[in-house]
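This report concerns only the one structure given below.
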Amino acid sequence: MDFALPADDDPRRLSVRSWLADHPDPTGRDLAEAGLVAPHWPTPWGLGADPTHQLIVDDELGRAGVRRPTNTIGIGWAGPTILLAGSPAQRERYLLPLLAGEEIWCQLFSEPGAGSDLAAVATRAELDGDEWVVRGQKVWTSFAHAARFGILLARTEPDAPRHQGISYFICPMDAVGVTVRPLIDMTGAHSFNEVFLDEVRLPAECLVGERGQGWSLAKVTLGNERVSLSGAGALWGMGPTAADLVDVVRRSGGSRDPLERQRLARVWAEGEILRLLRLRTVSAALAGMEPGPEASVRKALADEHGQHVMGLARDLAGTRGMLSGAGPLGESADGGPTPWPDALWSFGYLFSPALTIGGGTSEVQRNIIAERTLGLPHDPPA
Ligand SMILES: Cc1cc2nc3c(=O)[nH]c(=O)nc-3n(C[C@H](O)[C@H](O)[C@H](O)COP(=O)(O)OP(=O)(O)OC[C@H]3O[C@@H](n4cnc5c(N)ncnc54)[C@H](O)[C@@H]3O)c2cc1C
């Protein structure tokens with residue numbers, strides 16, 4: 001690991017500070033126009049920042065208490081694919097509002113018969129004059145009910161080998177024929193949906209990249225998704241970390257139970273390993289190397305780590321852990337010093353089984369590691 005953040009008077013730091021002095025309360029659009037939402041993107045959307053520069057910007061925004069716009073799928077993995085393969089007109093139309101958080105995006109990939117085996121997508125898109133007519137069904141579509149656009153995989157070449165017959169589209173979620181039905185998960189939240197596509201007519205310019213090349217773009221999207229979903233927080237990069245849980249226990253007087261102490265040490269050590277793995281990704285990028293399959297290693301470890309953190313928090317809450325809204329060690333939102341509301345811990349526990357499913361299951365991540373890193377044979381064909 002060869003990595004240290006540059007000094008406090010680094011000109012790149014001073015430049016962010018000077019911008020923040022002029023924009024003390026920036027909007028999402030201000031941040032997007034200044035290239036500060038995704039600094040590693042090329043100008044005019046980003047700053048063309050290398051990983052060190054990116055970390056400097058993150059550090060400075062964090063110190064100033066500035067939050068970037070939330071648009072998980074848009075900024076995390078739809079935008080990078082449009083940046084890579086979109087036409088100049090598509091980049092011009094979609095990227096800035098996406099970065100500003102003004103237009104939320106969703107991902108219309110999974111179907112009832114195509115999850116882990118995504119190349120089995122059965123949704124069809126047929127060219128009719130200069131429009132594509134889309135028929136099919138998607139499922140587990142996060143934020144579809146809030147989204148303005150979706151990235152959509154559909155089969156355009158039914159007779160081609162299945163990986164070559166898929167195309168990648170941008171689908172306006174208010175197009176005639178798009179029906180979104182909520183799916184409520186066991187946390188009680190409505191975050192994902194079923195989406196029915198019934199004779200949806202998409203103009204030709206909604207195709208991203210070449211016709212029939214959607215599978216290679218889908219792989220780019222999924223690679224970015226894996227990296228985005230394995231950030232520091234225990235819930236796909238969001239929410240509390242293992243170190244936050246250890247802090248809660250420390251502030252509550254520590255634990256004398258040897259098994260609890262062992263589990264606390266374990267989640268803390270896992271959190272450190274993941275932190276170092278993230279730095280290794282940065283270090284490799286600094287040396288000009290591509291991240292490679294460690295995105296799958298990171299996600300496979302981070303998902304199970306999230307379940308360990310949330311399971312331990314629930315157990316530390318004792319019988320209170322059975323109640324929604326309960327946090328570890330019986331801290332109350334007003335009485336306890338934790339920066340995380342109790343409800344987030346109980347939500348996190350109920351959400352955590354989803355961690356090893358969404359964004360590619362743990363078994364699928366292990367298949368990728370086995371095949372691409374360890375050189376083991378591919379799965380036999382279904
Ligand atoms: C919270 C959440 C949000 C989601 N959001 C979205 C979204 O926004 N957009 C979207 O398109 N999808 C989304 N998904 C769907 C997600 O991508 C799929 O659930 C996932 O890819 C698994 O597919 P599946 O559910 O069809 O399970 P299946 O593929 O049917 O898998 C069932 C079981 O079989 C195992 N399995 C399957 N194939 C293999 C294999 N080759 N080797 C070993 N084991 C295997 C799996 O690991 C799993 O345990 C979301 C899922 C969750 C949980």
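Quick note on naming: the chains in the structure tokens go A, B, ... in the order shown, residues restart at 1 in each chain, and ligands are numbered from 1 in order of appearance.
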
Got a sec to check which residues lie within 10 Å of ligand 1, using only C-alpha atoms and all ligand atoms, and send them as a short mmCIF file (atom, residue, chain, number, x, y, z; two decimals) with all heavy atoms, in the first residue's frame?
```
data_model
loop_
_atom_site.label_atom_id
_atom_site.label_comp_id
_atom_site.auth_asym_id
_atom_site.auth_seq_id
_atom_site.Cartn_x
_atom_site.Cartn_y
_atom_site.Cartn_z
N THR A 72 -28.32 7.37 -6.30
CA THR A 72 -27.41 6.23 -6.18
C THR A 72 -27.12 5.57 -7.54
O THR A 72 -25.96 5.42 -7.93
CB THR A 72 -28.03 5.18 -5.23
OG1 THR A 72 -28.40 5.85 -4.04
CG2 THR A 72 -27.05 4.06 -4.91
N ILE A 73 -28.18 5.20 -8.23
CA ILE A 73 -27.98 4.45 -9.49
C ILE A 73 -27.50 5.40 -10.58
O ILE A 73 -26.61 5.08 -11.36
CB ILE A 73 -29.29 3.73 -9.88
CG1 ILE A 73 -29.57 2.62 -8.85
CG2 ILE A 73 -29.23 3.19 -11.30
CD1 ILE A 73 -30.89 1.91 -9.00
N TRP A 105 -32.53 8.15 -11.35
CA TRP A 105 -32.47 7.04 -12.30
C TRP A 105 -32.73 5.71 -11.61
O TRP A 105 -32.47 5.56 -10.41
CB TRP A 105 -31.10 7.00 -12.98
CG TRP A 105 -30.94 8.07 -14.03
CD1 TRP A 105 -30.93 9.43 -13.81
CD2 TRP A 105 -30.81 7.89 -15.43
NE1 TRP A 105 -30.80 10.09 -15.00
CE2 TRP A 105 -30.71 9.16 -16.02
CE3 TRP A 105 -30.75 6.76 -16.26
CZ2 TRP A 105 -30.58 9.35 -17.39
CZ3 TRP A 105 -30.59 6.95 -17.63
CH2 TRP A 105 -30.51 8.23 -18.18
N CYS A 106 -33.25 4.75 -12.38
CA CYS A 106 -33.38 3.39 -11.89
C CYS A 106 -32.77 2.43 -12.91
O CYS A 106 -32.35 2.86 -14.00
CB CYS A 106 -34.83 3.05 -11.58
SG CYS A 106 -35.90 2.98 -13.03
N GLN A 107 -32.73 1.16 -12.54
CA GLN A 107 -32.02 0.15 -13.34
C GLN A 107 -32.98 -0.97 -13.68
O GLN A 107 -33.34 -1.78 -12.81
CB GLN A 107 -30.85 -0.38 -12.50
CG GLN A 107 -30.01 -1.43 -13.14
CD GLN A 107 -28.91 -1.88 -12.19
OE1 GLN A 107 -28.87 -1.48 -11.03
NE2 GLN A 107 -28.01 -2.72 -12.66
N LEU A 108 -33.40 -1.03 -14.94
CA LEU A 108 -34.39 -2.02 -15.39
C LEU A 108 -33.66 -3.22 -15.98
O LEU A 108 -33.67 -3.43 -17.20
CB LEU A 108 -35.32 -1.36 -16.42
CG LEU A 108 -36.14 -0.16 -15.89
CD1 LEU A 108 -36.54 0.77 -17.03
CD2 LEU A 108 -37.35 -0.64 -15.13
N PHE A 109 -33.00 -4.00 -15.11
CA PHE A 109 -32.22 -5.16 -15.58
C PHE A 109 -32.94 -6.46 -15.19
O PHE A 109 -33.32 -7.23 -16.05
CB PHE A 109 -30.82 -5.15 -14.95
CG PHE A 109 -29.81 -4.24 -15.60
CD1 PHE A 109 -30.19 -3.16 -16.38
CD2 PHE A 109 -28.45 -4.44 -15.42
CE1 PHE A 109 -29.26 -2.31 -16.97
CE2 PHE A 109 -27.49 -3.61 -16.01
CZ PHE A 109 -27.90 -2.54 -16.79
N SER A 110 -33.12 -6.70 -13.86
CA SER A 110 -33.62 -8.01 -13.41
C SER A 110 -35.04 -8.25 -13.89
O SER A 110 -35.85 -7.33 -13.98
CB SER A 110 -33.61 -8.09 -11.89
OG SER A 110 -32.33 -7.88 -11.38
N GLU A 111 -35.31 -9.54 -14.15
CA GLU A 111 -36.66 -9.96 -14.56
C GLU A 111 -37.02 -11.20 -13.74
O GLU A 111 -36.14 -11.83 -13.14
CB GLU A 111 -36.66 -10.33 -16.06
CG GLU A 111 -36.31 -9.16 -16.94
CD GLU A 111 -36.33 -9.51 -18.43
OE1 GLU A 111 -36.68 -10.67 -18.77
OE2 GLU A 111 -36.01 -8.62 -19.22
N PRO A 112 -38.30 -11.61 -13.77
CA PRO A 112 -38.66 -12.82 -13.02
C PRO A 112 -37.80 -14.02 -13.41
O PRO A 112 -37.46 -14.84 -12.57
CB PRO A 112 -40.14 -13.02 -13.38
CG PRO A 112 -40.64 -11.64 -13.71
CD PRO A 112 -39.48 -10.93 -14.35
N GLY A 113 -37.38 -14.11 -14.68
CA GLY A 113 -36.56 -15.26 -15.11
C GLY A 113 -35.12 -14.90 -15.38
O GLY A 113 -34.40 -15.66 -16.04
N ALA A 114 -34.68 -13.72 -14.95
CA ALA A 114 -33.29 -13.30 -15.25
C ALA A 114 -32.78 -12.43 -14.10
O ALA A 114 -33.07 -11.24 -14.04
CB ALA A 114 -33.24 -12.52 -16.56
N GLY A 115 -32.07 -13.08 -13.16
CA GLY A 115 -31.46 -12.34 -12.04
C GLY A 115 -29.97 -12.56 -12.11
O GLY A 115 -29.24 -11.86 -12.82
N SER A 116 -29.49 -13.61 -11.41
CA SER A 116 -28.08 -13.97 -11.51
C SER A 116 -27.72 -14.26 -12.97
O SER A 116 -26.66 -13.88 -13.45
CB SER A 116 -27.79 -15.23 -10.67
OG SER A 116 -28.11 -14.99 -9.33
N ASP A 117 -28.62 -14.94 -13.64
CA ASP A 117 -28.40 -15.26 -15.06
C ASP A 117 -29.01 -14.13 -15.89
O ASP A 117 -30.00 -14.30 -16.60
CB ASP A 117 -29.06 -16.60 -15.38
CG ASP A 117 -28.74 -17.05 -16.79
OD1 ASP A 117 -27.82 -16.47 -17.41
OD2 ASP A 117 -29.44 -17.95 -17.28
N LEU A 118 -28.36 -12.96 -15.82
CA LEU A 118 -28.95 -11.76 -16.42
C LEU A 118 -29.05 -11.86 -17.94
O LEU A 118 -29.93 -11.25 -18.56
CB LEU A 118 -28.11 -10.54 -16.01
CG LEU A 118 -28.64 -9.17 -16.38
CD1 LEU A 118 -30.04 -8.95 -15.82
CD2 LEU A 118 -27.70 -8.09 -15.86
N LYS A 138 -39.98 -6.20 -15.72
CA LYS A 138 -38.80 -6.11 -14.86
C LYS A 138 -39.25 -6.25 -13.41
O LYS A 138 -40.43 -6.05 -13.08
CB LYS A 138 -38.09 -4.76 -15.07
CG LYS A 138 -37.59 -4.55 -16.49
CD LYS A 138 -36.44 -5.48 -16.82
CE LYS A 138 -36.03 -5.41 -18.28
NZ LYS A 138 -34.84 -6.22 -18.57
N VAL A 139 -38.29 -6.58 -12.53
CA VAL A 139 -38.66 -6.76 -11.11
C VAL A 139 -37.51 -6.32 -10.22
O VAL A 139 -36.37 -6.24 -10.69
CB VAL A 139 -39.08 -8.23 -10.85
CG1 VAL A 139 -37.88 -9.18 -10.88
CG2 VAL A 139 -39.84 -8.38 -9.54
N TRP A 140 -37.83 -6.03 -8.97
CA TRP A 140 -36.86 -5.55 -7.96
C TRP A 140 -36.25 -4.22 -8.37
O TRP A 140 -35.10 -3.93 -8.05
CB TRP A 140 -35.73 -6.55 -7.68
CG TRP A 140 -36.14 -7.98 -7.54
CD1 TRP A 140 -35.68 -9.03 -8.26
CD2 TRP A 140 -37.08 -8.51 -6.61
NE1 TRP A 140 -36.29 -10.19 -7.85
CE2 TRP A 140 -37.15 -9.90 -6.84
CE3 TRP A 140 -37.89 -7.96 -5.62
CZ2 TRP A 140 -37.99 -10.75 -6.13
CZ3 TRP A 140 -38.73 -8.80 -4.92
CH2 TRP A 140 -38.76 -10.16 -5.16
N THR A 141 -36.99 -3.40 -9.11
CA THR A 141 -36.42 -2.16 -9.65
C THR A 141 -36.44 -1.07 -8.58
O THR A 141 -37.47 -0.44 -8.34
CB THR A 141 -37.22 -1.71 -10.89
OG1 THR A 141 -37.52 -2.85 -11.68
CG2 THR A 141 -36.44 -0.70 -11.69
N SER A 142 -35.27 -0.85 -7.96
CA SER A 142 -35.18 0.15 -6.89
C SER A 142 -35.46 1.54 -7.45
O SER A 142 -34.98 1.88 -8.55
CB SER A 142 -33.77 0.15 -6.28
OG SER A 142 -33.43 -1.14 -5.83
N PHE A 143 -36.19 2.31 -6.70
CA PHE A 143 -36.51 3.74 -7.00
C PHE A 143 -37.30 3.94 -8.29
O PHE A 143 -37.42 5.08 -8.74
CB PHE A 143 -35.23 4.61 -7.08
CG PHE A 143 -34.19 4.30 -6.04
CD1 PHE A 143 -32.87 4.01 -6.41
CD2 PHE A 143 -34.51 4.30 -4.69
CE1 PHE A 143 -31.91 3.70 -5.45
CE2 PHE A 143 -33.55 4.00 -3.73
CZ PHE A 143 -32.26 3.70 -4.11
N ALA A 144 -37.87 2.89 -8.89
CA ALA A 144 -38.61 3.10 -10.15
C ALA A 144 -39.75 4.09 -9.94
O ALA A 144 -40.11 4.83 -10.85
CB ALA A 144 -39.16 1.78 -10.67
N GLY A 150 -34.79 5.23 -16.68
CA GLY A 150 -34.20 3.96 -16.29
C GLY A 150 -33.23 3.50 -17.36
O GLY A 150 -33.43 3.79 -18.55
N ILE A 151 -32.17 2.80 -16.94
CA ILE A 151 -31.34 2.09 -17.92
C ILE A 151 -31.98 0.72 -18.09
O ILE A 151 -32.32 0.05 -17.12
CB ILE A 151 -29.86 1.97 -17.47
CG1 ILE A 151 -29.74 1.68 -15.96
CG2 ILE A 151 -29.08 3.22 -17.83
CD1 ILE A 151 -28.33 1.39 -15.50
N LEU A 152 -32.17 0.33 -19.35
CA LEU A 152 -33.01 -0.83 -19.67
C LEU A 152 -32.25 -1.81 -20.55
O LEU A 152 -31.65 -1.41 -21.56
CB LEU A 152 -34.26 -0.32 -20.42
CG LEU A 152 -35.11 -1.36 -21.15
CD1 LEU A 152 -35.91 -2.19 -20.15
CD2 LEU A 152 -36.07 -0.68 -22.13
N LEU A 153 -32.27 -3.09 -20.16
CA LEU A 153 -31.73 -4.14 -21.03
C LEU A 153 -32.90 -4.83 -21.72
O LEU A 153 -33.86 -5.24 -21.05
CB LEU A 153 -30.95 -5.18 -20.24
CG LEU A 153 -29.62 -4.78 -19.63
CD1 LEU A 153 -28.95 -6.01 -19.00
CD2 LEU A 153 -28.69 -4.14 -20.65
N ASP A 185 -40.77 -4.39 1.17
CA ASP A 185 -39.88 -5.40 1.73
C ASP A 185 -40.13 -5.55 3.23
O ASP A 185 -40.99 -4.88 3.80
CB ASP A 185 -38.40 -5.08 1.39
CG ASP A 185 -37.91 -3.82 2.07
OD1 ASP A 185 -38.28 -3.56 3.24
OD2 ASP A 185 -37.13 -3.08 1.44
N SER A 191 -38.98 0.36 -1.45
CA SER A 191 -37.81 0.85 -2.18
C SER A 191 -37.73 0.23 -3.57
O SER A 191 -37.19 0.81 -4.47
CB SER A 191 -36.52 0.61 -1.40
OG SER A 191 -36.33 -0.77 -1.20
N PHE A 192 -38.27 -0.99 -3.74
CA PHE A 192 -38.22 -1.54 -5.09
C PHE A 192 -39.62 -1.86 -5.61
O PHE A 192 -40.62 -1.75 -4.89
CB PHE A 192 -37.24 -2.69 -5.25
CG PHE A 192 -37.28 -3.79 -4.23
CD1 PHE A 192 -38.43 -4.17 -3.60
CD2 PHE A 192 -36.11 -4.49 -3.93
CE1 PHE A 192 -38.45 -5.21 -2.69
CE2 PHE A 192 -36.10 -5.54 -3.02
CZ PHE A 192 -37.29 -5.88 -2.40
N ASN A 193 -39.68 -2.25 -6.89
CA ASN A 193 -40.96 -2.32 -7.62
C ASN A 193 -40.92 -3.41 -8.69
O ASN A 193 -39.86 -3.84 -9.10
CB ASN A 193 -41.19 -0.99 -8.38
CG ASN A 193 -41.16 0.21 -7.48
OD1 ASN A 193 -42.16 0.63 -6.95
ND2 ASN A 193 -39.97 0.78 -7.31
N GLU A 194 -42.14 -3.74 -9.16
CA GLU A 194 -42.26 -4.45 -10.43
C GLU A 194 -42.52 -3.38 -11.49
O GLU A 194 -43.24 -2.41 -11.22
CB GLU A 194 -43.50 -5.35 -10.43
CG GLU A 194 -43.47 -6.49 -9.47
CD GLU A 194 -44.77 -7.28 -9.57
OE1 GLU A 194 -45.82 -6.74 -9.18
OE2 GLU A 194 -44.72 -8.42 -10.03
N LEU A 222 -22.47 -3.09 -14.17
CA LEU A 222 -22.42 -3.96 -12.99
C LEU A 222 -21.10 -3.81 -12.24
O LEU A 222 -21.07 -3.88 -11.01
CB LEU A 222 -22.66 -5.42 -13.39
CG LEU A 222 -24.05 -5.72 -14.01
CD1 LEU A 222 -24.11 -7.15 -14.52
CD2 LEU A 222 -25.17 -5.48 -13.00
N TRP A 236 -24.38 -1.40 2.23
CA TRP A 236 -24.00 -1.01 0.88
C TRP A 236 -23.35 0.37 0.86
O TRP A 236 -23.69 1.25 0.06
CB TRP A 236 -25.21 -1.05 -0.06
CG TRP A 236 -25.56 -2.43 -0.53
CD1 TRP A 236 -24.73 -3.51 -0.59
CD2 TRP A 236 -26.82 -2.88 -1.05
NE1 TRP A 236 -25.40 -4.59 -1.09
CE2 TRP A 236 -26.68 -4.24 -1.38
CE3 TRP A 236 -28.05 -2.26 -1.26
CZ2 TRP A 236 -27.72 -4.99 -1.91
CZ3 TRP A 236 -29.08 -3.01 -1.79
CH2 TRP A 236 -28.92 -4.36 -2.11
N PHE A 351 -32.92 -5.07 6.94
CA PHE A 351 -32.52 -4.91 5.53
C PHE A 351 -31.35 -5.83 5.17
O PHE A 351 -31.18 -6.21 4.00
CB PHE A 351 -32.14 -3.45 5.24
CG PHE A 351 -31.81 -3.19 3.80
CD1 PHE A 351 -32.82 -3.05 2.86
CD2 PHE A 351 -30.49 -3.14 3.36
CE1 PHE A 351 -32.53 -2.86 1.51
CE2 PHE A 351 -30.18 -2.95 2.02
CZ PHE A 351 -31.21 -2.80 1.09
N SER A 352 -30.55 -6.20 6.19
CA SER A 352 -29.25 -6.82 5.89
C SER A 352 -29.31 -8.13 5.08
O SER A 352 -28.36 -8.39 4.33
CB SER A 352 -28.42 -6.98 7.16
OG SER A 352 -29.07 -7.82 8.07
N PRO A 353 -30.37 -8.94 5.16
CA PRO A 353 -30.37 -10.13 4.27
C PRO A 353 -30.31 -9.75 2.79
O PRO A 353 -29.81 -10.52 1.97
CB PRO A 353 -31.71 -10.82 4.61
CG PRO A 353 -32.02 -10.38 6.00
CD PRO A 353 -31.52 -8.95 6.10
N ALA A 354 -30.80 -8.55 2.45
CA ALA A 354 -30.78 -8.12 1.03
C ALA A 354 -29.36 -7.86 0.54
O ALA A 354 -29.10 -7.89 -0.67
CB ALA A 354 -31.62 -6.86 0.85
N LEU A 355 -28.43 -7.61 1.49
CA LEU A 355 -27.08 -7.20 1.07
C LEU A 355 -26.41 -8.26 0.20
O LEU A 355 -25.71 -7.93 -0.76
CB LEU A 355 -26.19 -6.93 2.30
CG LEU A 355 -26.63 -5.79 3.23
CD1 LEU A 355 -25.72 -5.74 4.46
CD2 LEU A 355 -26.60 -4.46 2.51
N THR A 356 -26.62 -9.53 0.55
CA THR A 356 -25.93 -10.60 -0.20
C THR A 356 -26.74 -11.06 -1.42
O THR A 356 -26.42 -12.09 -2.02
CB THR A 356 -25.66 -11.82 0.72
OG1 THR A 356 -26.86 -12.12 1.45
CG2 THR A 356 -24.55 -11.53 1.72
N ILE A 357 -27.79 -10.30 -1.76
CA ILE A 357 -28.61 -10.66 -2.95
C ILE A 357 -28.48 -9.56 -4.01
O ILE A 357 -28.11 -9.82 -5.15
CB ILE A 357 -30.09 -10.84 -2.55
CG1 ILE A 357 -30.25 -11.92 -1.48
CG2 ILE A 357 -30.93 -11.19 -3.80
CD1 ILE A 357 -31.67 -12.04 -0.92
N GLY A 358 -28.82 -8.32 -3.63
CA GLY A 358 -28.83 -7.22 -4.61
C GLY A 358 -27.44 -6.93 -5.15
O GLY A 358 -26.43 -7.18 -4.47
N GLY A 359 -27.40 -6.43 -6.39
CA GLY A 359 -26.11 -6.08 -7.00
C GLY A 359 -25.28 -7.30 -7.34
O GLY A 359 -24.07 -7.20 -7.56
N GLY A 360 -25.93 -8.47 -7.38
CA GLY A 360 -25.21 -9.72 -7.65
C GLY A 360 -25.01 -10.47 -6.34
O GLY A 360 -24.44 -9.92 -5.39
N THR A 361 -25.49 -11.71 -6.27
CA THR A 361 -25.45 -12.45 -5.00
C THR A 361 -24.01 -12.83 -4.64
O THR A 361 -23.11 -12.81 -5.49
CB THR A 361 -26.29 -13.75 -5.09
OG1 THR A 361 -25.63 -14.64 -5.98
CG2 THR A 361 -27.70 -13.48 -5.56
N SER A 362 -23.84 -13.21 -3.37
CA SER A 362 -22.50 -13.63 -2.92
C SER A 362 -21.98 -14.81 -3.72
O SER A 362 -20.78 -14.91 -4.01
CB SER A 362 -22.53 -14.00 -1.43
OG SER A 362 -22.61 -12.83 -0.68
N GLU A 363 -22.90 -15.72 -4.07
CA GLU A 363 -22.47 -16.89 -4.85
C GLU A 363 -21.95 -16.44 -6.22
O GLU A 363 -20.94 -16.95 -6.72
CB GLU A 363 -23.64 -17.88 -5.03
CG GLU A 363 -24.06 -18.61 -3.75
CD GLU A 363 -24.92 -17.75 -2.83
OE1 GLU A 363 -25.37 -16.66 -3.23
OE2 GLU A 363 -25.14 -18.18 -1.68
N VAL A 364 -22.64 -15.47 -6.80
CA VAL A 364 -22.22 -14.98 -8.12
C VAL A 364 -20.88 -14.25 -8.01
O VAL A 364 -19.99 -14.42 -8.86
CB VAL A 364 -23.33 -14.09 -8.73
CG1 VAL A 364 -22.81 -13.29 -9.92
CG2 VAL A 364 -24.51 -14.95 -9.14
N GLN A 365 -20.69 -13.46 -6.94
CA GLN A 365 -19.39 -12.79 -6.77
C GLN A 365 -18.29 -13.84 -6.66
O GLN A 365 -17.20 -13.67 -7.21
CB GLN A 365 -19.36 -11.91 -5.50
CG GLN A 365 -20.46 -10.87 -5.39
CD GLN A 365 -20.55 -9.93 -6.58
OE1 GLN A 365 -19.58 -9.71 -7.29
NE2 GLN A 365 -21.73 -9.42 -6.82
N ARG A 366 -18.57 -14.92 -5.93
CA ARG A 366 -17.55 -15.97 -5.77
C ARG A 366 -17.27 -16.67 -7.11
O ARG A 366 -16.13 -17.06 -7.38
CB ARG A 366 -17.99 -16.98 -4.71
CG ARG A 366 -17.75 -16.44 -3.31
CD ARG A 366 -18.41 -17.32 -2.24
NE ARG A 366 -17.96 -16.96 -0.91
CZ ARG A 366 -18.39 -15.89 -0.23
NH1 ARG A 366 -19.27 -15.07 -0.77
NH2 ARG A 366 -17.93 -15.63 0.98
N ASN A 367 -18.29 -16.82 -7.93
CA ASN A 367 -18.06 -17.39 -9.27
C ASN A 367 -17.11 -16.49 -10.06
O ASN A 367 -16.19 -16.97 -10.73
CB ASN A 367 -19.37 -17.51 -10.05
CG ASN A 367 -20.16 -18.75 -9.67
OD1 ASN A 367 -19.64 -19.64 -8.99
ND2 ASN A 367 -21.40 -18.82 -10.10
N ILE A 368 -17.32 -15.16 -9.97
CA ILE A 368 -16.47 -14.22 -10.73
C ILE A 368 -15.03 -14.32 -10.22
O ILE A 368 -14.08 -14.39 -11.01
CB ILE A 368 -17.01 -12.77 -10.60
CG1 ILE A 368 -18.38 -12.66 -11.27
CG2 ILE A 368 -16.04 -11.76 -11.20
CD1 ILE A 368 -19.10 -11.34 -11.02
N HIS A 378 -15.39 -22.22 -16.00
CA HIS A 378 -16.70 -21.56 -15.96
C HIS A 378 -17.76 -22.53 -15.48
O HIS A 378 -17.59 -23.75 -15.56
CB HIS A 378 -17.08 -21.09 -17.37
CG HIS A 378 -16.35 -19.86 -17.78
ND1 HIS A 378 -16.83 -18.59 -17.56
CD2 HIS A 378 -15.16 -19.69 -18.38
CE1 HIS A 378 -15.98 -17.71 -18.02
NE2 HIS A 378 -14.94 -18.35 -18.52
N ASP A 379 -18.92 -21.92 -15.02
CA ASP A 379 -20.11 -22.73 -14.73
C ASP A 379 -20.46 -23.56 -15.97
O ASP A 379 -20.35 -23.04 -17.09
CB ASP A 379 -21.31 -21.78 -14.50
CG ASP A 379 -21.56 -21.56 -13.02
OD1 ASP A 379 -20.82 -22.10 -12.20
OD2 ASP A 379 -22.52 -20.84 -12.72
N PRO A 380 -20.92 -24.80 -15.81
CA PRO A 380 -21.43 -25.50 -17.00
C PRO A 380 -22.67 -24.77 -17.52
O PRO A 380 -23.39 -24.15 -16.73
CB PRO A 380 -21.80 -26.90 -16.46
CG PRO A 380 -21.80 -26.79 -14.98
CD PRO A 380 -21.03 -25.57 -14.59
N PRO A 381 -22.93 -24.78 -18.84
CA PRO A 381 -24.11 -24.09 -19.37
C PRO A 381 -25.39 -24.63 -18.75
O PRO A 381 -25.48 -25.83 -18.47
CB PRO A 381 -24.07 -24.38 -20.87
CG PRO A 381 -22.88 -25.22 -21.13
CD PRO A 381 -22.18 -25.52 -19.84
N ALA A 382 -26.38 -23.73 -18.54
CA ALA A 382 -27.65 -24.14 -17.89
C ALA A 382 -28.39 -25.09 -18.79
O ALA A 382 -28.33 -25.00 -20.00
CB ALA A 382 -28.48 -22.90 -17.61
#
```

*Identify, on the basis of only C-alpha atoms, every residue whose closest approach to Pro51 of chain A does not exceed 10 Å; exclude the query and any residue fewer than 4 positions from it along the same chain; express the result as a list in words.*
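These residues fall inside the cut-off: Pro39, His40, Leu55, Ile56, Val57, Thr281, Val282, Ser283, Ala284, Ala285 and Leu286 of chain A.
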
*Contacts of Gly101 of chain A at 8 Å (only C-alpha atoms; same-chain gap of 6+ positions) as an MDAnalysis selection string*: chainID A and resid 28:29 69:71

*Could you give me, as an MDAnalysis selection string, the residues within 8 Å of Val66 of chain A, counting only C-alpha atoms and dropping anything in the same chain fewer than 3 positions from it?*
chainID A and resid 25:26 61:63

Residues just named, written with all heavy atoms as a compact mmCIF listing (two decimals), in the first residue's frame:
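What follows is the written file result.txt:
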```
# COMPACT_ATOMS: atom_id res chain seq x y z
N ASP A 25 -23.34 27.42 0.83
CA ASP A 25 -24.46 26.48 0.96
C ASP A 25 -24.85 25.99 -0.44
O ASP A 25 -25.92 26.32 -0.96
CB ASP A 25 -25.63 27.23 1.63
CG ASP A 25 -26.74 26.28 2.03
OD1 ASP A 25 -26.48 25.06 2.07
OD2 ASP A 25 -27.86 26.77 2.26
N PRO A 26 -23.96 25.21 -1.09
CA PRO A 26 -24.17 24.90 -2.51
C PRO A 26 -25.36 23.98 -2.76
O PRO A 26 -25.62 23.06 -1.97
CB PRO A 26 -22.86 24.20 -2.90
CG PRO A 26 -22.31 23.65 -1.64
CD PRO A 26 -22.76 24.56 -0.53
N LEU A 61 -15.00 18.47 1.11
CA LEU A 61 -16.47 18.60 1.21
C LEU A 61 -16.94 18.06 2.56
O LEU A 61 -17.81 18.66 3.21
CB LEU A 61 -17.17 17.84 0.08
CG LEU A 61 -16.96 18.37 -1.35
CD1 LEU A 61 -17.82 17.57 -2.34
CD2 LEU A 61 -17.30 19.85 -1.48
N GLY A 62 -16.33 16.96 2.99
CA GLY A 62 -16.69 16.38 4.29
C GLY A 62 -16.42 17.35 5.43
O GLY A 62 -17.25 17.56 6.31
N ARG A 63 -15.23 17.98 5.40
CA ARG A 63 -14.87 18.94 6.46
C ARG A 63 -15.84 20.10 6.49
O ARG A 63 -16.14 20.64 7.55
CB ARG A 63 -13.49 19.52 6.20
CG ARG A 63 -12.37 18.59 6.53
CD ARG A 63 -11.09 19.37 6.40
NE ARG A 63 -9.95 18.51 6.24
CZ ARG A 63 -8.70 18.92 6.40
NH1 ARG A 63 -8.45 20.18 6.69
NH2 ARG A 63 -7.71 18.08 6.25
```

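With only C-alpha atoms as the atoms that count, the minimum distance from Val248 of chain A to the choices A:Asp342, A:Asp9, A:Asp58, A:Asp130 is reached by A:Asp342.
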
_Surrounding residues of Gly239 of chain A excluding itself and chain neighbours under 4 positions, 10 Å, only C-alpha atoms, as a list in words_ =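 Non-adjacent residues within range: Ala232, Gly233, Ala234, Leu235, Asp244, Gly306, Trp340, Leu344, Trp345 and Gly348 of chain A.
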
_Separation of atom CA of Leu279 of chain A from atom CA of Trp215 of chain A in Å_ = 29.5 Å

*Just give me the gap between atom CA of Trp19 of chain A and atom CA of Leu99 of chain A in Å, one decimal is fine.*
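Computing the Euclidean distance for atom CA of Trp19 of chain A and atom CA of Leu99 of chain A yields 18.0 Å.
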
*helix (DSSP H, G or I) per DSSP on the backbone: members of segment 50-201 of chain A, as a count of residues only*: 45

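The space separating atom CA of Arg280 of chain A from atom CA of Met238 of chain A comes to 20.2 Å.
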
_Polymer residues at most 12 Å from Ala34 of chain A, only C-alpha atoms, same-chain spacing of 5 or more positions, as a ChimeraX atom specification_ = /A:15-16,19-20,22-23,26-29,39,41-48,57,68,96,99-100
